[in-house]
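Asker: The file below is input.cif, mmCIF, C-alpha atoms and all ligand atoms:
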```
data_model
#
loop_
_atom_site.label_atom_id
_atom_site.label_comp_id
_atom_site.auth_asym_id
_atom_site.auth_seq_id
_atom_site.Cartn_x
_atom_site.Cartn_y
_atom_site.Cartn_z
CA MET A 1 35.51 -26.70 -13.71
CA HIS A 2 35.35 -24.34 -16.70
CA ILE A 3 37.80 -21.45 -16.92
CA VAL A 4 37.40 -18.73 -19.53
CA ALA A 5 40.56 -16.72 -20.14
CA ASP A 6 42.08 -13.99 -22.27
CA GLU A 7 44.11 -15.64 -25.03
CA ASN A 8 47.09 -13.37 -24.24
CA ILE A 9 47.91 -14.90 -20.86
CA PRO A 10 51.29 -16.66 -21.21
CA LEU A 11 51.74 -20.08 -19.59
CA LEU A 12 47.97 -20.31 -19.15
CA GLN A 13 47.90 -23.96 -20.26
CA ALA A 14 50.89 -24.86 -18.11
CA PHE A 15 49.37 -23.41 -14.95
CA PHE A 16 45.66 -24.12 -15.48
CA ALA A 17 45.29 -27.11 -17.83
CA ASP A 18 44.75 -29.58 -14.98
CA GLN A 19 42.24 -27.29 -13.26
CA GLY A 20 39.47 -28.10 -15.75
CA ARG A 21 38.31 -27.07 -19.21
CA LEU A 22 39.98 -23.95 -20.59
CA THR A 23 38.41 -21.62 -23.16
CA THR A 24 40.54 -18.78 -24.52
CA LEU A 25 39.17 -15.71 -26.24
CA PRO A 26 40.43 -12.28 -27.34
CA GLY A 27 40.11 -10.13 -24.20
CA ARG A 28 38.06 -7.43 -25.87
CA SER A 29 35.47 -9.91 -27.14
CA ILE A 30 34.61 -11.71 -23.87
CA ARG A 31 30.81 -11.48 -23.42
CA ARG A 32 28.27 -12.80 -20.92
CA GLU A 33 27.23 -15.60 -23.28
CA HIS A 34 30.79 -17.02 -23.13
CA LEU A 35 30.47 -17.33 -19.35
CA LEU A 36 27.13 -19.10 -19.00
CA ASP A 37 28.80 -22.29 -17.67
CA ALA A 38 32.11 -20.77 -16.50
CA ASP A 39 33.38 -20.98 -12.93
CA ALA A 40 36.30 -18.60 -13.34
CA LEU A 41 37.27 -15.72 -15.59
CA LEU A 42 40.93 -14.79 -16.12
CA VAL A 43 41.54 -11.46 -17.82
CA ARG A 44 44.08 -8.82 -18.72
CA SER A 45 43.51 -5.06 -18.70
CA VAL A 46 41.32 -4.89 -21.82
CA THR A 47 38.26 -6.74 -20.47
CA ARG A 48 35.77 -4.66 -18.50
CA VAL A 49 34.41 -6.93 -15.75
CA ASP A 50 31.33 -5.86 -13.83
CA PRO A 51 28.25 -7.55 -12.36
CA ALA A 52 26.39 -7.14 -15.68
CA LEU A 53 29.02 -9.29 -17.46
CA LEU A 54 28.69 -12.03 -14.84
CA GLU A 55 24.93 -11.84 -14.19
CA GLY A 56 23.30 -15.26 -14.40
CA THR A 57 26.66 -17.03 -14.77
CA PRO A 58 28.27 -19.37 -12.21
CA VAL A 59 31.54 -17.33 -12.19
CA GLN A 60 32.82 -17.09 -8.62
CA PHE A 61 36.43 -16.08 -9.29
CA VAL A 62 37.85 -13.25 -11.42
CA GLY A 63 41.62 -12.98 -11.76
CA THR A 64 43.42 -10.23 -13.64
CA CYS A 65 47.06 -10.94 -14.54
CA THR A 66 47.80 -7.22 -14.23
CA ILE A 67 48.71 -4.66 -11.61
CA GLY A 68 45.97 -2.22 -12.58
CA THR A 69 42.38 -2.98 -11.58
CA ASP A 70 40.55 -0.01 -13.11
CA HIS A 71 38.90 -2.36 -15.65
CA LEU A 72 37.19 -4.19 -12.78
CA ASP A 73 34.12 -2.92 -10.94
CA LEU A 74 35.58 -3.89 -7.56
CA PRO A 75 32.68 -2.69 -5.35
CA GLY A 76 30.12 -4.29 -7.68
CA LEU A 77 31.97 -7.61 -7.77
CA ALA A 78 32.40 -7.57 -3.98
CA THR A 79 28.67 -6.97 -3.52
CA ALA A 80 27.99 -9.87 -5.87
CA GLY A 81 30.20 -12.08 -3.65
CA ILE A 82 32.77 -12.76 -6.39
CA THR A 83 36.38 -13.40 -5.36
CA VAL A 84 38.69 -11.00 -7.21
CA ALA A 85 42.48 -11.26 -7.50
CA SER A 86 45.05 -9.09 -9.21
CA ALA A 87 48.83 -9.40 -9.57
CA PRO A 88 50.40 -6.60 -7.52
CA GLY A 89 53.89 -5.66 -8.58
CA CYS A 90 54.13 -8.38 -11.26
CA ASN A 91 55.47 -6.13 -14.01
CA ALA A 92 56.73 -3.21 -11.92
CA ARG A 93 60.37 -3.90 -12.82
CA GLY A 94 59.54 -3.63 -16.54
CA VAL A 95 57.96 -0.22 -15.97
CA VAL A 96 61.09 0.93 -14.12
CA GLU A 97 63.20 -0.13 -17.10
CA TYR A 98 60.84 1.69 -19.48
CA VAL A 99 61.27 4.89 -17.44
CA LEU A 100 65.07 4.46 -17.39
CA SER A 101 65.05 4.09 -21.17
CA CYS A 102 62.91 7.24 -21.53
CA LEU A 103 65.41 9.14 -19.37
CA LEU A 104 68.35 7.93 -21.47
CA THR A 105 66.62 8.85 -24.71
CA LEU A 106 65.43 12.28 -23.61
CA SER A 107 68.92 12.96 -22.25
CA GLU A 108 70.46 12.04 -25.59
CA ARG A 109 68.01 14.28 -27.47
CA THR A 110 68.25 17.33 -25.19
CA GLY A 111 71.91 17.03 -24.22
CA LEU A 112 70.97 17.19 -20.52
CA PRO A 113 72.58 14.49 -18.31
CA TRP A 114 69.77 12.27 -17.02
CA ARG A 115 71.46 11.47 -13.72
CA GLU A 116 71.51 15.17 -12.88
CA ARG A 117 67.75 15.64 -13.40
CA ARG A 118 65.55 15.84 -10.31
CA VAL A 119 62.79 13.29 -10.78
CA GLY A 120 59.27 13.70 -9.37
CA ILE A 121 57.50 10.40 -8.80
CA VAL A 122 53.72 10.68 -8.55
CA GLY A 123 52.33 7.54 -6.91
CA VAL A 124 54.86 5.66 -4.80
CA GLY A 125 53.50 2.11 -4.65
CA GLU A 126 54.94 -1.03 -6.26
CA VAL A 127 56.24 0.77 -9.35
CA GLY A 128 56.99 4.21 -7.91
CA SER A 129 58.91 2.86 -4.91
CA ARG A 130 61.01 0.53 -7.09
CA LEU A 131 61.72 3.45 -9.43
CA ALA A 132 62.71 5.68 -6.50
CA ALA A 133 64.99 2.95 -5.11
CA THR A 134 66.69 2.35 -8.46
CA LEU A 135 67.13 6.04 -9.26
CA GLY A 136 68.32 6.70 -5.71
CA ALA A 137 70.91 3.92 -6.01
CA LEU A 138 72.07 5.54 -9.26
CA GLY A 139 72.50 8.87 -7.48
CA VAL A 140 69.44 10.55 -9.01
CA GLU A 141 67.55 12.91 -6.69
CA CYS A 142 63.86 12.02 -6.35
CA VAL A 143 60.87 13.96 -5.00
CA LEU A 144 57.89 11.82 -4.00
CA CYS A 145 54.15 12.51 -4.00
CA ASP A 146 51.65 10.03 -2.58
CA PRO A 147 48.80 11.65 -0.62
CA PRO A 148 47.19 8.33 0.46
CA ARG A 149 50.50 7.22 2.01
CA ALA A 150 51.06 10.67 3.53
CA ALA A 151 47.55 10.49 5.03
CA ARG A 152 48.54 7.19 6.69
CA GLY A 153 51.26 9.12 8.52
CA GLU A 154 54.18 8.09 6.34
CA ALA A 155 56.90 10.71 5.93
CA GLY A 156 58.85 11.90 2.89
CA PHE A 157 56.08 13.05 0.56
CA VAL A 158 55.17 16.45 -0.89
CA GLU A 159 51.94 17.75 -2.42
CA LEU A 160 51.61 17.40 -6.19
CA ASP A 161 51.72 21.14 -6.88
CA ALA A 162 54.88 21.48 -4.76
CA LEU A 163 56.43 18.58 -6.67
CA LEU A 164 55.64 20.12 -10.06
CA ALA A 165 57.30 23.34 -8.99
CA GLN A 166 60.64 21.73 -8.15
CA VAL A 167 61.34 18.84 -10.51
CA ASP A 168 62.83 18.42 -13.98
CA VAL A 169 61.05 15.13 -14.66
CA VAL A 170 57.53 14.02 -13.72
CA SER A 171 56.79 10.27 -13.86
CA CYS A 172 53.24 9.10 -13.10
CA HIS A 173 52.61 5.78 -11.30
CA VAL A 174 49.14 6.16 -9.82
CA PRO A 175 46.16 3.85 -10.28
CA LEU A 176 43.27 5.28 -12.32
CA THR A 177 40.54 6.24 -9.86
CA ARG A 178 37.51 8.44 -10.40
CA ASN A 179 36.16 8.93 -6.88
CA GLY A 180 37.38 10.08 -3.51
CA PRO A 181 39.74 12.81 -2.35
CA ASP A 182 42.72 11.36 -4.23
CA ALA A 183 40.96 10.56 -7.53
CA THR A 184 43.52 10.46 -10.34
CA TRP A 185 41.28 11.01 -13.38
CA HIS A 186 42.80 14.12 -15.06
CA LEU A 187 45.17 14.49 -12.10
CA LEU A 188 47.36 16.43 -14.50
CA ASP A 189 44.75 18.84 -15.84
CA ALA A 190 45.26 22.04 -17.84
CA PRO A 191 46.37 24.27 -14.92
CA ARG A 192 48.86 21.68 -13.65
CA LEU A 193 50.22 21.04 -17.13
CA MET A 194 50.65 24.79 -17.63
CA ALA A 195 52.54 24.87 -14.30
CA LEU A 196 55.26 22.45 -15.50
CA GLN A 197 58.75 23.94 -15.23
CA HIS A 198 60.50 25.03 -18.42
CA GLY A 199 62.05 21.97 -20.08
CA THR A 200 60.19 19.39 -17.97
CA TRP A 201 60.21 15.78 -19.11
CA LEU A 202 56.75 14.27 -18.48
CA ILE A 203 56.39 10.48 -18.54
CA ASN A 204 53.06 8.66 -18.20
CA SER A 205 53.07 4.89 -17.92
CA SER A 206 50.15 4.65 -15.48
CA ARG A 207 46.79 5.04 -17.24
CA GLY A 208 45.91 7.42 -20.10
CA PRO A 209 43.17 9.45 -18.37
CA VAL A 210 45.54 10.41 -15.53
CA ILE A 211 46.60 13.21 -17.92
CA ASP A 212 43.99 15.34 -19.70
CA ASN A 213 45.14 14.47 -23.23
CA HIS A 214 43.36 17.40 -24.87
CA ALA A 215 45.00 19.84 -22.44
CA LEU A 216 48.32 18.13 -23.11
CA SER A 217 47.95 18.70 -26.86
CA VAL A 218 47.18 22.36 -26.22
CA LEU A 219 50.23 22.64 -23.96
CA LEU A 220 52.60 20.96 -26.40
CA ALA A 221 51.45 23.19 -29.25
CA GLU A 222 52.59 26.17 -27.17
CA ARG A 223 55.47 24.66 -25.16
CA PRO A 224 57.96 22.75 -27.33
CA ASP A 225 60.36 22.87 -24.36
CA VAL A 226 58.27 20.17 -22.62
CA GLN A 227 59.28 16.62 -23.61
CA VAL A 228 56.52 14.02 -23.23
CA ALA A 229 56.71 10.22 -23.21
CA LEU A 230 53.29 8.53 -23.29
CA ASP A 231 52.87 4.78 -22.95
CA VAL A 232 49.15 5.06 -22.17
CA TRP A 233 46.44 7.02 -24.00
CA GLU A 234 43.23 8.52 -22.80
CA LEU A 235 40.98 6.63 -25.25
CA GLU A 236 43.19 3.61 -25.96
CA PRO A 237 43.22 1.53 -28.06
CA GLN A 238 42.23 4.66 -29.97
CA VAL A 239 45.30 6.88 -30.23
CA ASP A 240 45.20 10.62 -30.84
CA THR A 241 47.78 10.70 -33.64
CA ALA A 242 47.99 14.50 -33.50
CA LEU A 243 49.08 14.18 -29.86
CA LEU A 244 51.47 11.36 -30.72
CA LYS A 245 53.14 13.66 -33.25
CA LEU A 246 53.75 16.19 -30.49
CA CYS A 247 55.17 13.60 -28.09
CA ALA A 248 58.89 12.88 -27.88
CA LEU A 249 58.14 9.20 -27.30
CA GLY A 250 54.98 7.16 -27.82
CA THR A 251 54.36 3.47 -27.16
CA PRO A 252 51.29 1.16 -27.10
CA HIS A 253 50.90 0.47 -23.35
CA ILE A 254 53.92 -1.82 -23.17
CA ALA A 255 55.93 -0.25 -20.34
CA GLY A 256 55.50 -3.35 -18.19
CA TYR A 257 55.67 -5.85 -21.07
CA SER A 258 58.71 -7.84 -20.03
CA LEU A 259 58.32 -11.59 -20.39
CA ASP A 260 59.25 -11.94 -16.71
CA GLY A 261 56.52 -9.50 -15.66
CA LYS A 262 53.83 -11.27 -17.69
CA LEU A 263 54.85 -14.70 -16.39
CA ARG A 264 54.81 -13.47 -12.79
CA GLY A 265 51.29 -12.14 -13.42
CA THR A 266 50.08 -15.58 -14.50
CA GLU A 267 51.77 -17.27 -11.54
CA GLN A 268 50.24 -14.80 -9.06
CA ILE A 269 46.75 -15.47 -10.43
CA TYR A 270 47.36 -19.23 -10.33
CA GLN A 271 48.32 -18.88 -6.65
CA ALA A 272 45.21 -16.77 -5.94
CA TRP A 273 43.06 -19.38 -7.70
CA CYS A 274 44.55 -22.14 -5.55
CA ARG A 275 43.83 -20.07 -2.42
CA HIS A 276 40.25 -19.57 -3.61
CA ARG A 277 39.92 -23.34 -4.04
CA GLY A 278 41.55 -24.02 -0.66
CA GLU A 279 44.38 -25.92 -2.35
CA GLN A 280 48.16 -25.75 -2.04
CA PRO A 281 49.76 -24.46 -5.30
CA ARG A 282 51.68 -27.35 -6.87
CA LEU A 283 53.24 -25.44 -9.75
CA THR A 284 55.84 -22.69 -9.71
CA LEU A 285 57.08 -20.34 -12.40
CA GLN A 286 60.63 -21.36 -11.63
CA ALA A 287 59.85 -24.97 -12.47
CA LEU A 288 57.79 -24.16 -15.57
CA ALA A 289 60.02 -21.52 -17.18
CA PRO A 290 63.52 -22.00 -15.86
CA GLU A 291 66.01 -19.28 -16.89
CA ALA A 292 64.90 -19.46 -20.55
CA GLY A 293 66.51 -16.76 -22.66
CA CYS A 294 68.70 -15.27 -19.93
CA ALA A 295 71.51 -13.18 -21.36
CA GLN A 296 75.09 -12.35 -20.49
CA LEU A 297 76.88 -9.11 -21.29
CA GLN A 298 80.58 -8.47 -21.18
CA PHE A 299 82.50 -5.19 -21.30
CA SER A 300 86.17 -4.43 -21.00
CA ALA A 301 87.55 -3.19 -17.69
CA GLU A 302 88.48 0.08 -19.45
CA THR A 303 84.88 0.88 -20.44
CA PRO A 304 83.72 3.93 -18.43
CA ALA A 305 81.08 2.78 -15.96
CA GLN A 306 78.45 5.30 -17.14
CA TRP A 307 78.87 4.26 -20.78
CA MET A 308 78.68 0.60 -19.77
CA LEU A 309 75.48 1.26 -17.81
CA GLU A 310 73.76 3.02 -20.69
CA LYS A 311 74.83 0.41 -23.22
CA ALA A 312 73.58 -2.42 -20.99
CA LEU A 313 70.28 -0.68 -20.23
CA ARG A 314 69.69 -0.21 -23.96
CA GLN A 315 70.47 -3.86 -24.62
CA VAL A 316 67.78 -4.83 -22.14
CA TYR A 317 65.18 -2.33 -23.28
CA ASP A 318 65.33 0.50 -25.79
CA VAL A 319 62.15 2.58 -25.94
CA ARG A 320 63.29 4.05 -29.28
CA ASP A 321 62.48 0.74 -30.99
CA ASP A 322 58.95 0.63 -29.61
CA ASP A 323 58.43 4.31 -30.41
CA ALA A 324 59.54 3.83 -34.03
CA ARG A 325 57.31 0.77 -34.54
CA PHE A 326 54.36 2.53 -32.90
CA ARG A 327 54.67 5.68 -35.05
CA ALA A 328 55.07 3.61 -38.22
CA MET A 329 51.80 1.80 -37.45
CA MET A 330 49.80 4.71 -36.01
CA MET A 331 50.62 7.75 -38.13
CA PRO A 332 49.19 6.36 -41.42
CA LEU A 333 45.93 5.76 -39.50
CA ALA A 334 45.39 9.45 -38.63
CA GLY A 335 41.64 10.06 -38.57
CA GLN A 336 40.84 6.32 -38.62
CA SER A 337 40.43 3.65 -35.97
CA THR A 338 43.77 2.63 -34.44
CA GLY A 339 42.31 -0.15 -32.26
CA ALA A 340 43.31 -3.19 -34.31
CA ALA A 341 46.85 -1.93 -34.95
CA PHE A 342 47.29 -1.01 -31.28
CA ASP A 343 46.22 -4.48 -30.18
CA THR A 344 48.42 -6.18 -32.82
CA LEU A 345 51.50 -4.32 -31.61
CA ARG A 346 50.82 -5.53 -28.07
CA LYS A 347 49.92 -9.12 -29.02
CA ASP A 348 53.05 -9.52 -31.18
CA TYR A 349 55.35 -7.77 -28.73
CA PRO A 350 59.00 -8.92 -28.95
CA LEU A 351 60.51 -10.96 -26.15
CA ARG A 352 62.00 -8.69 -23.51
CA ARG A 353 63.84 -9.74 -20.34
CA GLU A 354 64.57 -7.63 -17.24
CA CYS A 355 67.92 -6.42 -15.88
CA PRO A 356 68.02 -8.99 -13.03
CA GLN A 357 67.89 -11.73 -15.72
CA VAL A 358 70.98 -10.27 -17.44
CA ARG A 359 74.32 -11.33 -16.00
CA ILE A 360 77.20 -8.90 -16.35
CA LEU A 361 80.49 -10.77 -16.71
CA HIS A 362 83.75 -9.39 -15.36
CA ALA A 363 82.60 -5.93 -14.24
CA ASP A 364 86.11 -5.38 -12.91
CA GLY A 365 86.75 -1.79 -14.02
CA GLU A 366 86.45 1.22 -11.74
CA GLY A 367 82.91 1.74 -10.48
CA GLN A 368 81.46 -0.76 -12.96
CA ALA A 369 80.09 -3.39 -10.60
CA ALA A 370 78.53 -0.89 -8.20
CA LEU A 371 76.76 1.05 -10.96
CA MET A 372 75.49 -2.06 -12.74
CA ALA A 373 74.21 -3.53 -9.48
CA ALA A 374 72.51 -0.23 -8.64
CA ALA A 375 70.58 -0.42 -11.92
CA GLY A 376 69.44 -3.95 -11.03
CA PHE A 377 71.71 -6.09 -13.22
CA ASN A 378 72.96 -9.44 -12.01
CA VAL A 379 76.62 -8.64 -11.39
N1 LIG A 401 51.93 0.91 -18.63
C1 LIG A 401 52.05 -0.29 -18.11
O1 LIG A 401 52.46 -1.23 -18.76
C2 LIG A 401 51.70 -0.52 -16.67
C3 LIG A 401 50.92 0.38 -16.00
N2 LIG A 401 50.63 0.19 -14.68
C4 LIG A 401 49.81 1.20 -14.00
O2 LIG A 401 50.59 1.76 -12.96
C5 LIG A 401 49.74 1.93 -11.83
C6 LIG A 401 50.58 1.94 -10.58
O3 LIG A 401 51.11 0.66 -10.36
P1 LIG A 401 51.62 0.22 -8.91
O4 LIG A 401 52.71 1.10 -8.47
O5 LIG A 401 51.90 -1.22 -8.99
O6 LIG A 401 50.33 0.46 -8.05
P2 LIG A 401 50.25 0.55 -6.47
O7 LIG A 401 48.81 0.44 -6.14
O8 LIG A 401 51.23 -0.34 -5.84
O9 LIG A 401 50.74 2.06 -6.18
C7 LIG A 401 50.01 3.17 -6.55
C8 LIG A 401 50.37 4.28 -5.58
O10 LIG A 401 49.71 5.46 -6.01
C9 LIG A 401 49.27 6.15 -4.84
N3 LIG A 401 48.23 7.10 -5.18
C10 LIG A 401 46.90 6.90 -5.28
N4 LIG A 401 46.28 8.06 -5.58
C11 LIG A 401 47.25 9.00 -5.71
C12 LIG A 401 47.25 10.38 -6.03
N5 LIG A 401 46.12 11.06 -6.28
N6 LIG A 401 48.44 11.02 -6.10
C13 LIG A 401 49.60 10.38 -5.85
N7 LIG A 401 49.65 9.07 -5.49
C14 LIG A 401 48.49 8.39 -5.45
C15 LIG A 401 48.82 5.04 -3.90
O11 LIG A 401 48.76 5.47 -2.57
C16 LIG A 401 49.90 3.99 -4.15
O12 LIG A 401 50.97 4.12 -3.25
C17 LIG A 401 48.76 0.75 -11.91
O13 LIG A 401 47.57 1.00 -11.23
C18 LIG A 401 48.54 0.63 -13.37
O14 LIG A 401 47.44 1.41 -13.73
C19 LIG A 401 51.12 -0.89 -13.99
C20 LIG A 401 51.89 -1.80 -14.62
C21 LIG A 401 52.22 -1.72 -16.02
O1 LIG A 402 49.64 -4.55 -15.19
C1 LIG A 402 49.09 -3.53 -15.62
O2 LIG A 402 48.37 -2.78 -14.92
C2 LIG A 402 49.30 -3.12 -17.01
O3 LIG A 402 49.08 -2.02 -17.40
C3 LIG A 402 49.75 -4.18 -17.95
O4 LIG A 402 50.87 -3.82 -18.68
C4 LIG A 402 48.58 -4.41 -18.86
O5 LIG A 402 48.85 -5.38 -19.78
P1 LIG A 402 47.61 -6.01 -20.58
O6 LIG A 402 46.75 -6.66 -19.58
O7 LIG A 402 46.85 -4.89 -21.22
O8 LIG A 402 48.20 -6.97 -21.53
#
```
Can you give me the file's structure in the form of structure tokens?

Answerer:
Amino acid sequence: MHIVADENIPLLQAFFADQGRLTTLPGRSIRREHLLDADALLVRSVTRVDPALLEGTPVQFVGTCTIGTDHLDLPGLATAGITVASAPGCNARGVVEYVLSCLLTLSERTGLPWRERRVGIVGVGEVGSRLAATLGALGVECVLCDPPRAARGEAGFVELDALLAQVDVVSCHVPLTRNGPDATWHLLDAPRLMALQHGTWLINSSRGPVIDNHALSVLLAERPDVQVALDVWELEPQVDTALLKLCALGTPHIAGYSLDGKLRGTEQIYQAWCRHRGEQPRLTLQALAPEAGCAQLQFSAETPAQWMLEKALRQVYDVRDDDARFRAMMMPLAGQSTGAAFDTLRKDYPLRRECPQVRILHADGEGQAALMAAAGFNV
């Protein structure tokens, strides 16, 4: 068995070493000639996989250790009879924590309390539903838009234009799709961007082309009241540095980059590979990476619960750090290629755990335990 894999898949050796020969390569440089004797291809979001890449190769299994699948030609691979697996929900918790950090930061900068903002969630799947549950538990009002779910008869959703007209925050969690009635390419186009309420906070951690980036630049030049946080970019790894300058927060597609999320992605693809082979999975993430790096936080019983929450959330993930590092790398490259710097920031990303891996000790003060548990901490 020969498995070709992106070099940025953590625990690849631990999960796959006894499955056969492993070849690792930078995801963006995987070509057909690397796959001429490969049985399986394991990728992340930066490798475009279509029948042309696999033509004339023995590859029968493609696994992506990511939630998103827009880099895969799913119909083409299905027609070619290739088994395809992705990792639904693997890093959804990390994205939720990225959004929480954006809310905290924009609140600090505008002076508007984040828990009093009405949040519009566009796309209510693995990420959007977890975000809605967490915000709801924290007492934040949410408005939900998900036409495919609404079309299946599920209740509780509004149309996108109705959502835009009534929310203070818009957070996008849709897959990138280009066809069909619910296609999301340029879902937020010029007219919809112009329709944003005064002072809206717009957060995109789905895929860059979900927002028309040119129209967004035009909007921000005219509407400094709108605060934008972009984790994903229309032409990434190329970044429009003029747009970045206009954004309140900018990051290099790392919203879901918790260690826990990445490890779950590898485990899910290992399990899918075992299913494909008709074998029982022998290995588990819990056995391979037990509790490493888990943290504990302690506050005094007198600490106000809200202050404790914000301090703890920032300890877990603070988007201001990623924004500062991103700007420092990107802005000097204005007018040049940003691809290598973008990829370096992602490859060398600092270790980040998720709230459930952080134990809060002695949350005995008024309201502390309930608020910390609502945010997802281990209380
Ligand atoms: N920036 C990052 O690090 C990460 C980004 N992502 C992106 O986030 C996307 C969403 O992730 P999940 O929630 O796990 O996906 P999911 O597939 O579980 O949920 C997506 C939801 O969007 C809905 N949807 C589809 N078209 C829509 C439309 N036109 N308007 C509103 N809703 C629509 C679907 O019905 C579904 O409920 C992924 O496809 C991926 O592109 C995911 C993880 C990390
Ligand atoms: O899971 C997804 O979908 C994402 O967007 C991941 O954060 C992508 O991570 P990479 O595969 O680009 O490392």

Asker: Of the residues A:Ala190, A:Cys65, A:Val49, A:Leu12, which is the one nearest to ligand LIG 401 (chain A), using all atoms listed in the file?

Answerer: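 Comparing A:Ala190, A:Cys65, A:Val49, A:Leu12 against ligand LIG 401 (chain A), the winner is A:Cys65.
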
Asker: So that each row is one residue of chain A with an atom at most 7 Å from ligand LIG 402 (chain A), can you give its shortest atom pair and the distance in Å to one decimal, using only C-alpha atoms and all ligand atoms, rows by chain and rising number, as CSV?

Answerer:
```
residue,atom,partner,partner_atom,distance
A:Arg44,CA,A:LIG402,O6,3.5
A:Ser45,CA,A:LIG402,O6,3.7
A:Val46,CA,A:LIG402,O7,5.6
A:Cys65,CA,A:LIG402,O6,6.6
A:Thr66,CA,A:LIG402,O1,3.4
A:Ile67,CA,A:LIG402,O1,3.7
A:Gly68,CA,A:LIG402,O2,3.4
A:Thr69,CA,A:LIG402,O2,6.9
A:Asn91,CA,A:LIG402,O1,6.2
A:His253,CA,A:LIG402,O4,6.3
A:Ile254,CA,A:LIG402,O4,5.8
A:Ala255,CA,A:LIG402,O4,6.4
A:Gly256,CA,A:LIG402,O4,4.7
A:Tyr257,CA,A:LIG402,O4,5.7
```

Asker: Per residue of chain A within 7 Å of ligand LIG 401 (chain A), note the shortest atom pair and the distance in Å to one decimal, counting all atoms listed in the file, and order the rows by chain and increasing residue number, as a Markdown table.

Answerer:
```
| residue | atom | partner | partner_atom | distance |
| --- | --- | --- | --- | --- |
| A:Thr66 | CA | A:LIG401 | C20 | 6.8 |
| A:Ile67 | CA | A:LIG401 | C19 | 5.1 |
| A:Gly68 | CA | A:LIG401 | O13 | 3.8 |
| A:Thr69 | CA | A:LIG401 | O13 | 6.5 |
| A:Pro88 | CA | A:LIG401 | O5 | 5.8 |
| A:Gly89 | CA | A:LIG401 | O5 | 4.9 |
| A:Asn91 | CA | A:LIG401 | C20 | 5.7 |
| A:Ala92 | CA | A:LIG401 | C20 | 5.7 |
| A:Val95 | CA | A:LIG401 | C21 | 5.9 |
| A:Val122 | CA | A:LIG401 | C13 | 4.9 |
| A:Gly123 | CA | A:LIG401 | N7 | 3.4 |
| A:Val124 | CA | A:LIG401 | O12 | 4.5 |
| A:Gly125 | CA | A:LIG401 | O9 | 3.2 |
| A:Glu126 | CA | A:LIG401 | O4 | 3.8 |
| A:Val127 | CA | A:LIG401 | O4 | 3.7 |
| A:Gly128 | CA | A:LIG401 | O4 | 5.3 |
| A:Cys145 | CA | A:LIG401 | C13 | 5.4 |
| A:Asp146 | CA | A:LIG401 | N7 | 3.7 |
| A:Pro147 | CA | A:LIG401 | C13 | 5.4 |
| A:Pro148 | CA | A:LIG401 | O11 | 4.5 |
| A:Arg149 | CA | A:LIG401 | O11 | 5.2 |
| A:His173 | CA | A:LIG401 | C6 | 4.4 |
| A:Val174 | CA | A:LIG401 | O10 | 3.9 |
| A:Pro175 | CA | A:LIG401 | O13 | 3.3 |
| A:Leu176 | CA | A:LIG401 | O14 | 5.9 |
| A:Asp182 | CA | A:LIG401 | N5 | 4.0 |
| A:Ala183 | CA | A:LIG401 | N5 | 5.3 |
| A:Thr184 | CA | A:LIG401 | N5 | 4.9 |
| A:Leu187 | CA | A:LIG401 | N5 | 6.8 |
| A:Ser205 | CA | A:LIG401 | N1 | 4.2 |
| A:Ser206 | CA | A:LIG401 | C4 | 3.8 |
| A:Arg207 | CA | A:LIG401 | O14 | 5.1 |
| A:Asp231 | CA | A:LIG401 | N1 | 5.9 |
| A:Val232 | CA | A:LIG401 | N1 | 6.1 |
| A:His253 | CA | A:LIG401 | N1 | 4.9 |
| A:Ile254 | CA | A:LIG401 | O1 | 4.7 |
| A:Ala255 | CA | A:LIG401 | O1 | 3.9 |
| A:Gly256 | CA | A:LIG401 | O1 | 3.7 |
| A:Tyr257 | CA | A:LIG401 | O1 | 6.1 |
```

Asker: Tell me, in Å to one decimal, how far CA of Leu235 (chain A) is from CA of Leu196 (chain A).

Answerer: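 Pair CA of Leu235 (chain A) / CA of Leu196 (chain A) returns 23.4 Å.
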
Asker: Which residues of region 237-337 of chain A sit at most 12 Å from region 356-367 of chain A, using only C-alpha atoms? Give each one's shortest atom pair and distance in Å (one decimal place), in chain and ascending residue order, as a tab-separated table.

Answerer:
```
residue	atom	partner	partner_atom	distance
A:Ser258	CA	A:Gln357	CA	10.9
A:Leu259	CA	A:Gln357	CA	10.6
A:Asp260	CA	A:Gln357	CA	8.7
A:Gly261	CA	A:Gln357	CA	11.6
A:Pro290	CA	A:Gln357	CA	11.2
A:Glu291	CA	A:Gln357	CA	7.9
A:Ala292	CA	A:Gln357	CA	9.6
A:Gly293	CA	A:Gln357	CA	8.7
A:Cys294	CA	A:Gln357	CA	5.6
A:Ala295	CA	A:Val358	CA	4.9
A:Gln296	CA	A:Arg359	CA	4.7
A:Leu297	CA	A:Ile360	CA	5.0
A:Gln298	CA	A:Leu361	CA	5.0
A:Phe299	CA	A:Ala363	CA	7.1
A:Ser300	CA	A:Gly365	CA	7.5
A:Ala301	CA	A:Gly365	CA	4.0
A:Glu302	CA	A:Gly365	CA	6.0
A:Thr303	CA	A:Gly365	CA	7.2
A:Pro304	CA	A:Glu366	CA	7.7
A:Ala305	CA	A:Gly367	CA	5.9
A:Gln306	CA	A:Gly367	CA	8.8
A:Trp307	CA	A:Gly367	CA	11.3
A:Met308	CA	A:Ala363	CA	9.4
A:Leu309	CA	A:Ile360	CA	10.4
A:Lys311	CA	A:Ile360	CA	11.8
A:Ala312	CA	A:Ile360	CA	8.8
A:Leu313	CA	A:Val358	CA	10.0
A:Gln315	CA	A:Val358	CA	9.6
A:Val316	CA	A:Val358	CA	7.9
A:Tyr317	CA	A:Val358	CA	11.4
```

Asker: Could you check how far CA of Glu108 (chain A) sits from CA of Asp323 (chain A), in Å to one decimal?

Answerer: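 Between CA of Glu108 (chain A) and CA of Asp323 (chain A) the gap is 15.1 Å.
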